[in-house]
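Structure, as structure tokens:
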Amino acid sequence: MTVPSREPAPDVLAAIGQTPLIRLRRASEATGCDIYGKAEFLNPGLSVKDRAALSIVQDAEAKGLIRPGGTIVEGTAGNTGIGLALVASVRGYRTLIVIPVTQSEEKKQTLRLAGARLVEVPAVPFANPNNYVHVARRLAEKLAATEPAGAFFADQFDNVANRHAHVAGTGPEIWAQTGGRVDGFVCAAGTGGTLAGTAEALRARNPQVRIALSDPEGSALYAHYTTGTLKAEGSSITEGIGQGRITRNLEGFTPDHAFRIPDREALDIVFGLMREEGLSLGGSSGINVAGAVRLARELGPGHTIVTILCDGAARYASKLFNPAFLTERNLPVPGWLDAPQDPLP
Ligand code: PMP
């Protein structure tokens with residue numbers, strides 16, 4: 001398999017997408033399948049959400065919803081905001097980002113450096129009017145009425161330009177990179193854009209492709225797809241994934257399989273990929289690879305399964321890779337994270 005080559009990019013936006021597929025050795029050997037991760041942490045904003053950010057802004061421009069110098073407003077766990085901030089820098093907009101306080105300081109700092117105005121709000125459920133998504137929508141309405149260049153609410157959860165980024169990009173790329181020999185695709189859902197969009201593109205090319213949801217604890221989707229009831233149990237330290245409702249990006253989508261992944265299982269994979277395969281990843285990638293292993297076990301040996309490596313470890317150094325943070329939450333700390341380094345000879 002060849003890694004796609006690229007023409008010189010006229011700007012950073014042209015460097016979004018066309019990410020490599022990387023074979024995950026330990027997961028593949030354990031299952032007898034070929035398990036690949038799509039390296040979305042290599043996007044310019046360092047996450048899969050650059051794709052949605054670019055697609056949402058392009059769609060808004062095409063519909064005349066955004067004016068030069070206008071403000072893009074969004075509620076986000078961070079990565080979509082980082083993507084929007086970089087798209088806004090290139091295209092001449094401002095960004096106002098509403099983020100729950102619980103998200104990592106690394107993402108907040110990246111947003112500030114990228115030039116976004118940041119509003120931190122308490123982490124409350126969607127049903128609460130002070131939920132970050134509702135706060136963002138209200139701020140966008142206010143700014144639209146007061147700012148001379150106006151404002152645009154990106155609305156990643158319910159704006160299907162998000163899903164379209166994966167129908168047009170992620171899915172066809174995976175198809176081409178595997179030469180059409182993909183048997184299964186699995187990932188977690190935040191907005192659901194990546195899962196539903198990639199599934200749509202792959203199913204259009206081969207209706208037999210098995211699609212799986214890999215859901216963290218604290219999300220209601222696993223219960224929805226297995227029992228028909230949106231019901232959340234437990235909690236997760238992962239960020240950007242899990243959902244309590246059927247967003248517009250998830251409407252009309254049904255997975256063939258659904259897995260509920262405990263943090264321990266995901267973290268074990270994140271730590272293993274870091275030390276044994278040189279892949280430095282965030283928590284949602286661990287949930288995704290854990291789901292790929294489970295799907296491989298359902299399908300049996302000899303299959304090709306693809307998942308998403310959403311973002312990188314550096315964005316979570318103070319959490320997933322902080323022994324005190326893990327210990328406080330009763331999560332195992334790998335020996336190497338805690339151990340003093342060997343003295344120099
Ligand atoms: N992983 C990370 C780290 C994310 O930030 C997000 C987006 N919030 C996702 C996964 C989920 O992607 P999607 O919104 O397309 O479901």
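Residues in the structure tokens are numbered from 1 in each chain, the chains being A, B, ... in the order shown, and ligands are numbered from 1 in the order shown.
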(request) Collect all residues with atoms no farther than 6 Å from ligand 1, counting only C-alpha atoms and all ligand atoms, and output them as a list in words. (result) Ala77, Asn79, Ala189, Gly190, Thr191, Gly192, Gly193, Thr194, Glu239, Gly240, Ile241, Ser284, Cys310 and Asp311 of chain A
Requested write-out: C-alpha atoms of the selected residues, as a compact mmCIF listing (two decimals), in the first residue's frame:
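Result file is result.txt:
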```txt
# COMPACT_ATOMS: atom_id res chain seq x y z
CA ALA A 77 -14.58 20.20 23.50
CA ASN A 79 -10.53 20.24 18.69
CA ALA A 189 -19.05 9.51 18.19
CA GLY A 190 -18.98 13.02 19.56
CA THR A 191 -21.04 14.84 16.97
CA GLY A 192 -21.23 11.55 15.03
CA GLY A 193 -19.93 13.23 11.87
CA THR A 194 -16.90 10.97 11.50
CA GLU A 239 -12.66 14.01 25.78
CA GLY A 240 -14.63 14.90 22.65
CA ILE A 241 -16.59 11.64 22.47
CA SER A 284 -10.52 8.73 22.07
CA CYS A 310 -8.24 11.28 16.32
CA ASP A 311 -5.58 13.37 18.03
```
Between range 4-104 of chain A and range 170-181 of chain A, at 12 Å or less, what are the per-residue closest atom pairs and their distances in Å? Count only C-alpha atoms, order by chain and rising residue number, and return it as a Markdown table.
```
| residue | atom | partner | partner_atom | distance |
| --- | --- | --- | --- | --- |
| A:Pro4 | CA | A:Gln177 | CA | 8.0 |
| A:Ser5 | CA | A:Gln177 | CA | 11.7 |
| A:Ile16 | CA | A:Thr170 | CA | 10.7 |
| A:Gly17 | CA | A:Thr170 | CA | 7.4 |
| A:Gln18 | CA | A:Glu173 | CA | 6.7 |
| A:Thr19 | CA | A:Glu173 | CA | 8.3 |
| A:Pro20 | CA | A:Gln177 | CA | 8.2 |
| A:Leu21 | CA | A:Gln177 | CA | 7.3 |
| A:Ile22 | CA | A:Gln177 | CA | 10.5 |
| A:Arg23 | CA | A:Thr178 | CA | 11.2 |
| A:Asp34 | CA | A:Thr178 | CA | 10.6 |
| A:Ile35 | CA | A:Thr178 | CA | 11.1 |
| A:Tyr36 | CA | A:Thr178 | CA | 9.5 |
| A:Gly37 | CA | A:Ile174 | CA | 10.0 |
| A:Lys38 | CA | A:Ile174 | CA | 8.0 |
| A:Ala39 | CA | A:Thr170 | CA | 10.8 |
| A:Glu40 | CA | A:Thr170 | CA | 9.6 |
| A:Val48 | CA | A:Thr170 | CA | 9.4 |
| A:Lys49 | CA | A:Thr170 | CA | 11.3 |
| A:Asp50 | CA | A:Thr170 | CA | 11.6 |
| A:Arg51 | CA | A:Thr170 | CA | 8.6 |
| A:Ala52 | CA | A:Thr170 | CA | 10.5 |
```
Closest-contact table, range 136-191 of chain A side, partner range 290-304 of chain A, 7 Å, counting only C-alpha atoms, as JSON lines:
```
{"residue": "A:Arg181", "atom": "CA", "partner": "A:Thr304", "partner_atom": "CA", "distance": 6.9}
{"residue": "A:Val182", "atom": "CA", "partner": "A:Thr304", "partner_atom": "CA", "distance": 5.2}
{"residue": "A:Asp183", "atom": "CA", "partner": "A:Thr304", "partner_atom": "CA", "distance": 5.3}
{"residue": "A:Gly184", "atom": "CA", "partner": "A:Thr304", "partner_atom": "CA", "distance": 6.5}
{"residue": "A:Val186", "atom": "CA", "partner": "A:Ala292", "partner_atom": "CA", "distance": 5.9}
{"residue": "A:Cys187", "atom": "CA", "partner": "A:Gly291", "partner_atom": "CA", "distance": 7.0}
```
Store the residues picked out above in a file with N, CA and C atoms, as an mmCIF file, in the first residue's frame.
```
data_model
loop_
_atom_site.group_PDB
_atom_site.id
_atom_site.type_symbol
_atom_site.label_atom_id
_atom_site.label_comp_id
_atom_site.auth_asym_id
_atom_site.auth_seq_id
_atom_site.Cartn_x
_atom_site.Cartn_y
_atom_site.Cartn_z
ATOM 1 N N ARG A 181 -10.519 -3.039 -0.093
ATOM 2 C CA ARG A 181 -10.561 -4.282 0.707
ATOM 3 C C ARG A 181 -10.757 -3.985 2.191
ATOM 4 N N VAL A 182 -11.724 -3.153 2.502
ATOM 5 C CA VAL A 182 -12.007 -2.867 3.910
ATOM 6 C C VAL A 182 -13.262 -3.637 4.307
ATOM 7 N N ASP A 183 -13.143 -4.419 5.397
ATOM 8 C CA ASP A 183 -14.282 -5.224 5.862
ATOM 9 C C ASP A 183 -15.050 -4.549 6.985
ATOM 10 N N GLY A 184 -14.351 -3.709 7.760
ATOM 11 C CA GLY A 184 -15.013 -3.095 8.901
ATOM 12 C C GLY A 184 -14.455 -1.723 9.200
ATOM 13 N N VAL A 186 -14.757 1.277 12.414
ATOM 14 C CA VAL A 186 -15.260 1.505 13.765
ATOM 15 C C VAL A 186 -14.688 2.801 14.305
ATOM 16 N N CYS A 187 -15.537 3.587 14.999
ATOM 17 C CA CYS A 187 -15.023 4.718 15.780
ATOM 18 C C CYS A 187 -16.086 5.184 16.763
#
```
(message) So that I can check the surroundings of Phe271 in chain A, please list as a PyMOL selection string every protein, DNA and RNA residue that reaches within 10 Å of it, counting only C-alpha atoms and ignoring chain neighbours fewer than 3 positions away.
(response) chain A and resi 266-268+274-277+279-283+286+313+320-321+333-334+336-337
Could you save the residues just selected, with N, CA and C atoms, as a compact mmCIF listing (two decimals), in the first residue's frame?
```txt
# COMPACT_ATOMS: atom_id res chain seq x y z
N ALA A 266 -9.18 1.26 27.13
CA ALA A 266 -8.70 2.25 26.17
C ALA A 266 -7.31 2.75 26.56
N LEU A 267 -7.10 2.99 27.85
CA LEU A 267 -5.81 3.53 28.31
C LEU A 267 -4.70 2.51 28.12
N ASP A 268 -5.00 1.26 28.37
CA ASP A 268 -4.01 0.20 28.18
C ASP A 268 -3.51 0.23 26.72
N MET A 274 1.93 3.85 22.54
CA MET A 274 2.97 4.86 22.75
C MET A 274 4.34 4.20 22.92
N ARG A 275 4.41 3.18 23.75
CA ARG A 275 5.72 2.61 24.09
C ARG A 275 6.18 1.54 23.11
N GLU A 276 5.23 0.89 22.43
CA GLU A 276 5.63 -0.23 21.57
C GLU A 276 5.49 0.05 20.09
N GLU A 277 4.73 1.10 19.73
CA GLU A 277 4.54 1.35 18.29
C GLU A 277 4.81 2.80 17.90
N LEU A 279 3.37 5.54 18.63
CA LEU A 279 2.20 6.36 18.31
C LEU A 279 1.74 7.08 19.57
N SER A 280 1.74 8.40 19.50
CA SER A 280 1.45 9.23 20.66
C SER A 280 0.03 9.78 20.50
N LEU A 281 -0.92 9.18 21.23
CA LEU A 281 -2.34 9.41 20.94
C LEU A 281 -3.15 9.84 22.16
N GLY A 282 -4.29 10.47 21.90
CA GLY A 282 -5.23 10.83 22.96
C GLY A 282 -6.18 9.70 23.30
N GLY A 283 -7.05 9.95 24.29
CA GLY A 283 -7.91 8.89 24.82
C GLY A 283 -8.93 8.37 23.83
N GLY A 286 -7.75 5.55 21.84
CA GLY A 286 -7.73 4.28 22.60
C GLY A 286 -9.10 3.61 22.56
N ALA A 313 -1.25 12.68 22.00
CA ALA A 313 -1.08 12.63 23.45
C ALA A 313 -0.77 14.00 24.06
N LEU A 320 -4.13 12.21 30.97
CA LEU A 320 -3.89 10.78 30.71
C LEU A 320 -2.48 10.34 31.08
N PHE A 321 -1.53 11.30 31.02
CA PHE A 321 -0.12 10.93 31.24
C PHE A 321 0.40 11.52 32.54
N VAL A 333 -1.56 3.18 36.66
CA VAL A 333 -0.47 4.01 36.15
C VAL A 333 0.60 3.07 35.62
N PRO A 334 0.94 3.16 34.32
CA PRO A 334 1.98 2.26 33.82
C PRO A 334 3.31 2.58 34.49
N TRP A 336 6.40 2.81 33.64
CA TRP A 336 7.33 3.74 33.01
C TRP A 336 6.95 5.19 33.19
N LEU A 337 5.66 5.46 33.42
CA LEU A 337 5.20 6.84 33.56
C LEU A 337 5.64 7.42 34.90
```
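Between Arg315 in chain A and the candidates A:Val87, A:Lys107, A:Arg94, A:Thr80, the tightest atom-to-atom separation, counting only C-alpha atoms, involves A:Lys107.
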(request) Using only C-alpha atoms, pick whichever of A:Glu29, A:Glu217, A:Glu233, A:Glu105 has the shortest atom-to-atom distance to Glu265 in chain A. (result) A:Glu217
